[in-house]
Amino acid sequence: MTDIAVAPGNGAAPLPVLTRKDFVSDQEVRWCPGCGDYSILANTQKVMPDFGYPRENIVFISGIGCSGRLPYYMNTYGFHTIHGRAPTLATGLKASRPELMVWVITGDGDALSIGGNHVLHSMRRNTDIKLVMFNNRIYGLTKGQASPTSELGKKTKSSPVGTIDQPLVPLSVAITAEATFVARTIDTYTEHIQDTLTAAGFHRGSTFVEVLQNCNIFNDGAWAPFREKDGRDDNVLLLKHGEPMIFGKDRDKGIRLRGFTPEVVQLGVDGVTEADLLVHDETAEDPTLAYILSRMWAPRFPVPLGVFRRVERPTHDQMLQGQIDDAIAAKGPGDLRGLLFGGETWQAG
Amino acid sequence: MTTDVSTNPAPDSVRDLDRVTIRFCGDSGDGMQLTGSQFTRTAAVFGNDIATLPDFPAEIRAPAGSLPGVSGFQISFSSNDIHTPGDAPDVLVAMNPAALKTNVNDLPPGGALIVNKDAFTAANLAKASYASDPLTDGSLSGWNVFEIPISTLNERSLDGLEMTSKQKDLTKNFFALGIMFWLYERSMEPTLRWVDSKFAGKPVFAEANKRALKAGYAFGETTEIFHHQQYRVKPAQLPAGTYRNITGNEATALGFVAASRLAKRDLFYGSYPITPASDILHQLSTYKSFGVRTFQAEDEIAAIGSAVGAAYGGAMGLTASSGPGIALKSEALGLAVMVELPLVVVDVQRAGPSTGMPTKNEQSDLLQVMFGRNGEAPVPIVAPATPTECFDYAIEAWRIALRHMTPVVYLSDAFLATGSEPWRIPEPADLPNIAVENWTAKETFHPYDRDPVTLARPWAVPGTPGLEHRIGGLEKADITGNVSYDPENHHRMTQLRAQKVAAVADDIPDLQVFGPSRGDLLVLGWGSTYGAIRSAVERLQQQGHSVAHAHLRHLNPFPRNTGDVLAAYRKVLIPEVNLGQLRLLIRGRYLVDAVGLNRVRGKPYRISEIEDAARLMLDPEGTAR
C-alpha cells in the first residue's frame, strides 16, 4: 500500500494502489457450484485496480438473472435493478455523474430479450457504460427456458420439441447498434477475459462485451469446443489488432476474404501465404469487417474472440455536459429570478 | 380596408361588462390555438383575470373542414376574480361549418355568433354533414348571427403582397382576432409585437399578419354590422404584484427548475414524448444554463429508469408522462419505493383507458398512481388545483421526496396543463428551503438506518469514500440493507415503508375549508375541478345555503384533519372527472357516505353542473326552488 497511482479524470490526486482483495465484498457468493460466473467475478475483481479509479467512483449496475447478483459481491457501489433495465439506470447515473466508472452486468435474456431496446439505444448514444453480457444461451434463474441466443430447435423446459425462434447474434446486434467497443471472451479463459475486461474498462463510450459463460446446471457444455483448453486452439480465432487472422494449434490456418465472404484457408497449401489473410483492424471506422467477423461461427469457422471493434466518438455524457457548458458560456449561469420574471409581465395593485 | 385605425371616429358607445367568454373555433389548420392565446395575452397584460380552455383534436391535421378536425380555444376574462374558463361562451367565432356544427349548441340563446361566411361552401357544408346551409335555412335564428366574409375581406387587405392565395388564407385567423380586439376594446400592440418577433426573418409574413389584424380591427370599427357598439371589461383587482400569464405545464417546468435551485442539486429529466406532457420536456430542454439535464429516452421505462439512476447519483431525478406511460413506469417506480430514493413522477392525466382521448381531460389515474404497483408500494401523491399552483406543487413534490427519501407522484391533467391564468410571480427569496444533505459519515453509516422522525434512510451517493454499499430490488434487511428473505424482516420492512409515507402527514398543512366550518354540505374535490367547485359553492353560499368547499392537494397521505372536516357536514359531495376514485378512498378510509358527481366527457365540469348536483343534495325535494 505504499505505491501511488493517478486516478484518471481526477487530476493528480494520488491514490493507494488497490488489489483484487479490495474489491471483494463481505457477502457470501451464492451461484451454483461450478458456475462460470465465479470465474467472471474473480477476473473482474482482479482487473479492477488497473483502472486507477478510487473504489468509491466505481459503480456496478445489474438487471435480473444470475448475472444480476454480481454487484453484491463487488466492494464498490452497486445497484441490482429490475429486469432488462440496468442500462437505463446506468445512463441516468452516468449523465448526471460523468466522473464515475459505470459497469452494467447483464445476461442474454436480460440484455437481448426484455432489455433489448435499452441495449440498442445505450449503444447508439455512445453512453459511457461498460456492458458485460454473460451469454449462457439459457434462462438460468427461472430454471431452464429458451433464451434469445438459444440455438434454433433447442429443447428446453419451455420448448419441449425445440425452439422455432432464430437466435440473435449478440455482437452483430451491438455492432449494428453503433456500439463503439465490441468484444467477446470466455468465462474460464483467464488471460483472455482479463485482457478483454481491461480493454473494455479503458474504453470511453458504449462498450459491449459478450462473455461465453457456462451454465453447468441448465445448459452444460454449451461452449465446450471453445472453452476447454484441449482443442480450443483449433476452434477459436484470437483477434489481434494489426495482425493477420491465423489460428490452429499449429498456427497453420487462416481467414481469407472472398468478396464479402470469409473463408478458412490452409497456410502453405495452394500457394496461400500470410499475405493473403485478413488483417484485423479493430479501429476501422467502417463496421463491415467487425460485422463479418461477428457472423463467423462453428463449425464452419473458428469462433473469433477478442476486440472486434474499438472506435472513438464523443460520449453521451460529454455531449450533454458540452451543451450545458455552451449554454452557460453564452447566457451565464441560470438566474432563477430572471427566469420567473421573464416574458411578458404586468403590474397589479 | 387598410385605413389607419387611429384616425377613425370614436365608437358610438362602449358598454361595461364584468366578464366575457369567447370561444374561437375552426379547422385545426386555421390557427385557433394561436388566435386564442394571443387574445389571452392581450387580456392578461391589460389586467383582466383570465381562465382558458384549449380544446383540440389528437390528429395534427384531420381532413380539412371535417368534424373531427375542429379545434377550439375558450377564454374567459373578467374584471373580477374568476375560477373557470366559463360554462358557456358569450361569443362564438366559427371559422367553418364543421366548427359551427360542433360548437353552436354550447352558445346560449341570444349569444353572439360570428361566422366566416366564405367558408360556407357546398363542399364544406357536406363535410360537416349539413343537409342545408344553416346561414339561410333559419336554424340559427335563436342566436345573434354576424355573417362576415372573412376570407374575402382578408385576402383583399393583403393585395400586393408576394404570397400565394393559400398563404394569404392562413392569416384569416388574425382578421377574426382583429374584429374581437375592436369589439372588446383591446390594444393590438402586444400581438403586433409578437408578430414582429415571430416573423423576424420573414418580413412578408410579418406584414401580412399585421395587415390582417389591422384590417379586422378596422372592419369592426367602420362597418355598421356591430352598430358601433363596443364592450369593455375593466382590469380585475388582483392582489398587488408582478404577473404573467402561464399554463399549468409552463408552471410545472418552472417549478422544477426552482426546486432544483432551492435544493441546490442538478435536475435530471428523463422523458418520452406523450400528450399532454411533452411540453414539459420541450421547456426544460431550454434550461441548460440552469444545469438541467434532459434526456429523451427510448421509451417510458428508460425515462424513469434514467431518473432513478440519476437519483442514485444524488441528482434530482424527474420523469413525466400521461396515463399510458405511467403504466409502463410502474415497475421502476416500485424499485424506487424499495431502494427508497427521492424521485418525482409527473402524471399529466388524460382520458383513458388505453390510448383513450389523448388531448382530452380526465382525472382517472388517481387509483393507478395510488395502487398500480406490485406489492405494498406506497408513494406520496400531490395534486395542484390550478395552473399557477402547478409551480408551487412542483416544489412541494420535491420537498417531500427529498425530506422523506421517497418517490412522489405529481398529478396534473390536460386541463391544468394547457389552461392558463395570471400568475403572481413569487420572489425566489420567499420560496422554501428544501435542501437536504448527502450522508458522508463513515462510522455511523448503515444503508437502511432511518431518521427517527421521517424514517428516511441516508442518501449515500457513489463517489463518497468508505460508504461503498449495494442496493437493489430484493427485500432489504432492516438497517444493514443486505438481501434478506427473513419472514419477520419482510413484515417489518413492509410496515416501515408504509409508516414512512404515512408520516408525511405530519409534514403537510391541514385541509382548509372555504365556507362554514360545519353545515349541511361539504363539496370535496382535488385537482382541476377546483375552479368549477369554488364557483358553484360561492353561488350557493350567496343563495344562503350552508355549503363549504375543501380541496385536497395531498392525496396520499391525506391531511391529518381530513376526517374531522368530513365529519362536520351532514352530507359530502365529491365531483371528479372519473367514476369515483377519490370517493372510494375517502369512503374506505373515513367510512363517510360521500356521494359522487362523476362525468367523463373529456372536458371540465361546468359550474352549473356542480351547482345543480349540490342543490339536489341540499334540497332533494326541490322545495326551495
# chains A, B, ... in the order shown; residues from 1 in each chain; ligands from 1
$ select_by_dssp --residues "region 49-264 of chain A" --states "strand (DSSP E or B)" --output "PyMOL selection string"
chain A and resi 58-62+74+77-80+101-107+129-135+139+145+156+159+181-186+207-212+236-238+244+246-247+253-258+261-264
$ interface_residues --of "chain A" --to "chain B" --cutoff "6 Å" --atoms "only C-alpha atoms" --output "ChimeraX atom specification"
/A:56-57,72,76-81,88-93,96,324,327-328,333-334,345-349
$ atom_distance --atom1 "CA of Asp26 (chain A)" --atom2 "CA of Val209 (chain A)"
26.7 Å
$ residues_around --residues "region 560-574 of chain B" --least-positions-apart "3" --cutoff "8 Å" --atoms "only C-alpha atoms" --output "list in words"
Ala505, Asp506, Asp510, Leu511, Val513, Ser517, Arg518, Gly519, Asp520, Leu521, Leu522, Val523, Leu524, Gly525, Gly580, Leu582, Arg583, Tyr590, Val592, Asp593, Ala594, Val595, Gly596, Leu597, Ala614 and Met617 of chain B
$ write_last_selection --atoms "N, CA and C atoms" --output "compact mmCIF listing (two decimals), in the first residue's frame"
# COMPACT_ATOMS: atom_id res chain seq x y z
N ALA B 505 -47.82 12.90 6.58
CA ALA B 505 -48.98 13.66 7.06
C ALA B 505 -48.60 14.66 8.16
N ASP B 506 -47.52 14.37 8.90
CA ASP B 506 -47.09 15.31 9.95
C ASP B 506 -46.41 16.53 9.37
N ASP B 510 -52.90 21.41 7.12
CA ASP B 510 -54.27 20.91 7.27
C ASP B 510 -55.11 21.24 6.04
N LEU B 511 -56.16 20.47 5.87
CA LEU B 511 -57.13 20.73 4.80
C LEU B 511 -57.91 22.00 5.16
N VAL B 513 -60.94 24.84 4.70
CA VAL B 513 -62.34 24.84 4.29
C VAL B 513 -62.73 26.25 3.87
N SER B 517 -67.53 26.20 8.94
CA SER B 517 -66.70 25.09 9.41
C SER B 517 -67.55 23.85 9.72
N ARG B 518 -68.85 24.02 9.80
CA ARG B 518 -69.74 22.87 9.82
C ARG B 518 -71.04 23.28 9.16
N GLY B 519 -71.79 22.29 8.67
CA GLY B 519 -73.00 22.69 7.96
C GLY B 519 -73.64 21.53 7.22
N ASP B 520 -74.43 21.89 6.23
CA ASP B 520 -75.24 20.89 5.53
C ASP B 520 -74.43 20.07 4.53
N LEU B 521 -73.55 20.76 3.79
CA LEU B 521 -72.90 20.06 2.69
C LEU B 521 -71.45 20.50 2.54
N LEU B 522 -70.59 19.50 2.39
CA LEU B 522 -69.20 19.78 2.02
C LEU B 522 -69.00 19.27 0.59
N VAL B 523 -68.50 20.14 -0.27
CA VAL B 523 -68.10 19.69 -1.60
C VAL B 523 -66.59 19.51 -1.57
N LEU B 524 -66.16 18.27 -1.73
CA LEU B 524 -64.73 17.93 -1.63
C LEU B 524 -64.20 17.60 -3.01
N GLY B 525 -63.10 18.23 -3.37
CA GLY B 525 -62.53 17.95 -4.69
C GLY B 525 -61.03 17.81 -4.63
N GLY B 580 -65.35 7.92 -9.62
CA GLY B 580 -65.44 7.93 -8.16
C GLY B 580 -64.20 7.42 -7.45
N LEU B 582 -61.52 9.21 -5.88
CA LEU B 582 -61.27 9.79 -4.56
C LEU B 582 -62.36 9.32 -3.59
N ARG B 583 -63.57 9.21 -4.12
CA ARG B 583 -64.69 8.80 -3.26
C ARG B 583 -64.42 7.43 -2.65
N TYR B 590 -62.47 6.78 5.76
CA TYR B 590 -63.18 7.52 6.81
C TYR B 590 -64.61 7.02 7.05
N VAL B 592 -67.21 7.48 5.44
CA VAL B 592 -68.15 8.58 5.20
C VAL B 592 -68.96 8.24 3.95
N ASP B 593 -70.27 8.48 4.03
CA ASP B 593 -71.14 8.11 2.91
C ASP B 593 -71.13 9.22 1.86
N ALA B 594 -69.97 9.44 1.28
CA ALA B 594 -69.84 10.51 0.29
C ALA B 594 -70.57 10.14 -1.00
N VAL B 595 -71.13 11.16 -1.63
CA VAL B 595 -71.86 10.99 -2.89
C VAL B 595 -70.98 11.53 -4.01
N GLY B 596 -71.03 10.89 -5.15
CA GLY B 596 -70.20 11.33 -6.27
C GLY B 596 -70.96 12.10 -7.32
N LEU B 597 -70.23 12.99 -7.98
CA LEU B 597 -70.70 13.54 -9.26
C LEU B 597 -69.63 13.11 -10.25
N ALA B 614 -75.09 19.80 -6.19
CA ALA B 614 -75.05 20.20 -4.78
C ALA B 614 -76.45 20.59 -4.31
N MET B 617 -78.60 17.75 -3.43
CA MET B 617 -78.31 17.14 -2.13
C MET B 617 -78.82 18.01 -0.98
$ atom_distance --atom1 "CA of Asp413 (chain B)" --atom2 "CA of Ala532 (chain B)"
15.1 Å
$ residues_around --residues "region 291-297 of chain A" --least-positions-apart "6" --cutoff "12 Å" --atoms "only C-alpha atoms" --output "PDB file with C-alpha atoms, in the first residue's frame"
ATOM      1  CA  LEU A 168     -29.736 -13.395 -32.163  1.00  0.00           C
ATOM      2  CA  VAL A 169     -26.002 -12.974 -32.610  1.00  0.00           C
ATOM      3  CA  PRO A 170     -25.221 -10.568 -29.762  1.00  0.00           C
ATOM      4  CA  LEU A 171     -22.181  -8.948 -31.323  1.00  0.00           C
ATOM      5  CA  SER A 172     -23.963  -8.424 -34.656  1.00  0.00           C
ATOM      6  CA  VAL A 173     -26.641  -6.585 -32.708  1.00  0.00           C
ATOM      7  CA  ALA A 174     -24.092  -4.494 -30.834  1.00  0.00           C
ATOM      8  CA  ILE A 175     -22.203  -3.554 -33.998  1.00  0.00           C
ATOM      9  CA  THR A 176     -25.301  -2.508 -35.908  1.00  0.00           C
ATOM     10  CA  ALA A 177     -26.490  -0.612 -32.828  1.00  0.00           C
ATOM     11  CA  GLU A 178     -23.365   1.576 -33.204  1.00  0.00           C
ATOM     12  CA  ALA A 179     -21.520   0.369 -30.115  1.00  0.00           C
ATOM     13  CA  VAL A 182     -17.406  -4.675 -29.119  1.00  0.00           C
ATOM     14  CA  ALA A 183     -15.635  -7.755 -27.808  1.00  0.00           C
ATOM     15  CA  ARG A 184     -16.081 -11.431 -26.980  1.00  0.00           C
ATOM     16  CA  GLU A 210     -20.058 -10.878 -24.620  1.00  0.00           C
ATOM     17  CA  TRP A 223     -19.455 -23.638 -25.315  1.00  0.00           C
ATOM     18  CA  PRO A 225     -15.431 -26.785 -28.044  1.00  0.00           C
ATOM     19  CA  PHE A 226     -14.168 -23.235 -27.398  1.00  0.00           C
ATOM     20  CA  ASN A 235     -11.843 -23.789 -32.623  1.00  0.00           C
ATOM     21  CA  VAL A 236     -11.232 -20.162 -31.797  1.00  0.00           C
ATOM     22  CA  LEU A 237      -9.669 -17.283 -33.635  1.00  0.00           C
ATOM     23  CA  LEU A 238      -7.850 -14.873 -31.340  1.00  0.00           C
ATOM     24  CA  LEU A 239      -8.229 -11.410 -32.812  1.00  0.00           C
ATOM     25  CA  MET A 245      -6.004 -13.805 -38.736  1.00  0.00           C
ATOM     26  CA  ILE A 255      -9.096 -16.415 -42.656  1.00  0.00           C
ATOM     27  CA  ARG A 256      -9.247 -15.004 -46.149  1.00  0.00           C
ATOM     28  CA  LEU A 257     -11.928 -12.733 -47.584  1.00  0.00           C
ATOM     29  CA  ARG A 258     -13.522 -13.528 -50.914  1.00  0.00           C
ATOM     30  CA  GLY A 259     -15.776 -10.625 -51.806  1.00  0.00           C
ATOM     31  CA  PHE A 260     -17.753 -10.153 -48.612  1.00  0.00           C
ATOM     32  CA  THR A 261     -17.450 -13.820 -47.667  1.00  0.00           C
ATOM     33  CA  PRO A 262     -14.768 -15.086 -45.332  1.00  0.00           C
ATOM     34  CA  GLU A 263     -13.229 -18.496 -45.817  1.00  0.00           C
ATOM     35  CA  VAL A 264     -10.853 -20.737 -43.903  1.00  0.00           C
ATOM     36  CA  LEU A 278      -7.329 -10.757 -43.456  1.00  0.00           C
ATOM     37  CA  VAL A 279      -5.528  -8.372 -41.130  1.00  0.00           C
ATOM     38  CA  HIS A 280      -7.541  -7.385 -38.082  1.00  0.00           C
ATOM     39  CA  ASP A 281      -8.266  -3.703 -37.659  1.00  0.00           C
ATOM     40  CA  GLU A 282     -10.343  -3.091 -34.536  1.00  0.00           C
ATOM     41  CA  ALA A 284     -11.643   0.634 -38.604  1.00  0.00           C
ATOM     42  CA  VAL A 303     -15.197 -18.551 -33.215  1.00  0.00           C
ATOM     43  CA  PRO A 304     -13.485 -15.134 -33.026  1.00  0.00           C
ATOM     44  CA  LEU A 305     -12.514 -13.932 -29.557  1.00  0.00           C
ATOM     45  CA  GLY A 306     -11.133 -10.551 -28.637  1.00  0.00           C
ATOM     46  CA  VAL A 307     -11.896  -6.976 -29.566  1.00  0.00           C
ATOM     47  CA  PHE A 308     -13.967  -6.758 -32.742  1.00  0.00           C
ATOM     48  CA  ARG A 309     -14.372  -3.027 -32.795  1.00  0.00           C
TER      49      ARG A 309
END
$ residues_around --residues "region 159-165 of chain A" --least-positions-apart "5" --cutoff "10 Å" --atoms "only C-alpha atoms" --output "list in words"
Gly144, Gln145, Ala146, Ser147, Pro148, Thr149, Ser150, Glu151, Leu152, Gly153 and Lys154 of chain A
$ closest_residue --among "A:Phe208, A:Glu243, A:Tyr53, A:Gln213" --to "Met123 (chain A)" --atoms "only C-alpha atoms"
A:Phe208
$ residues_around --residues "Gly86 (chain B)" --least-positions-apart "3" --cutoff "8 Å" --atoms "only C-alpha atoms" --output "ChimeraX atom specification"
/B:21,51,75-76,89,606-607
$ write_last_selection --atoms "N, CA and C atoms" --output "compact mmCIF listing (two decimals), in the first residue's frame"
# COMPACT_ATOMS: atom_id res chain seq x y z
N THR B 21 -66.90 35.68 -22.13
CA THR B 21 -66.30 34.40 -22.51
C THR B 21 -66.42 34.25 -24.03
N ALA B 51 -59.12 32.91 -17.55
CA ALA B 51 -59.01 31.46 -17.47
C ALA B 51 -59.26 30.93 -18.87
N ILE B 75 -61.71 31.40 -23.91
CA ILE B 75 -61.11 32.27 -22.89
C ILE B 75 -62.19 33.06 -22.21
N SER B 76 -62.08 33.10 -20.89
CA SER B 76 -62.97 33.94 -20.11
C SER B 76 -62.10 35.02 -19.48
N PRO B 89 -69.90 30.09 -23.79
CA PRO B 89 -69.38 31.33 -24.39
C PRO B 89 -70.48 32.38 -24.55
N ARG B 606 -68.85 22.12 -15.94
CA ARG B 606 -69.40 23.46 -15.90
C ARG B 606 -69.79 23.76 -14.45
N ILE B 607 -69.75 25.02 -14.10
CA ILE B 607 -70.12 25.42 -12.74
C ILE B 607 -71.53 24.95 -12.42
$ atom_distance --atom1 "CA of Pro87 (chain A)" --atom2 "CA of Leu281 (chain B)"
21.3 Å
$ residues_around --residues "Thr529 (chain B)" --least-positions-apart "5" --cutoff "8 Å" --atoms "only C-alpha atoms" --output "list in words"
Ala385, Pro575, Glu576, Val577, Pro604 and Tyr605 of chain B
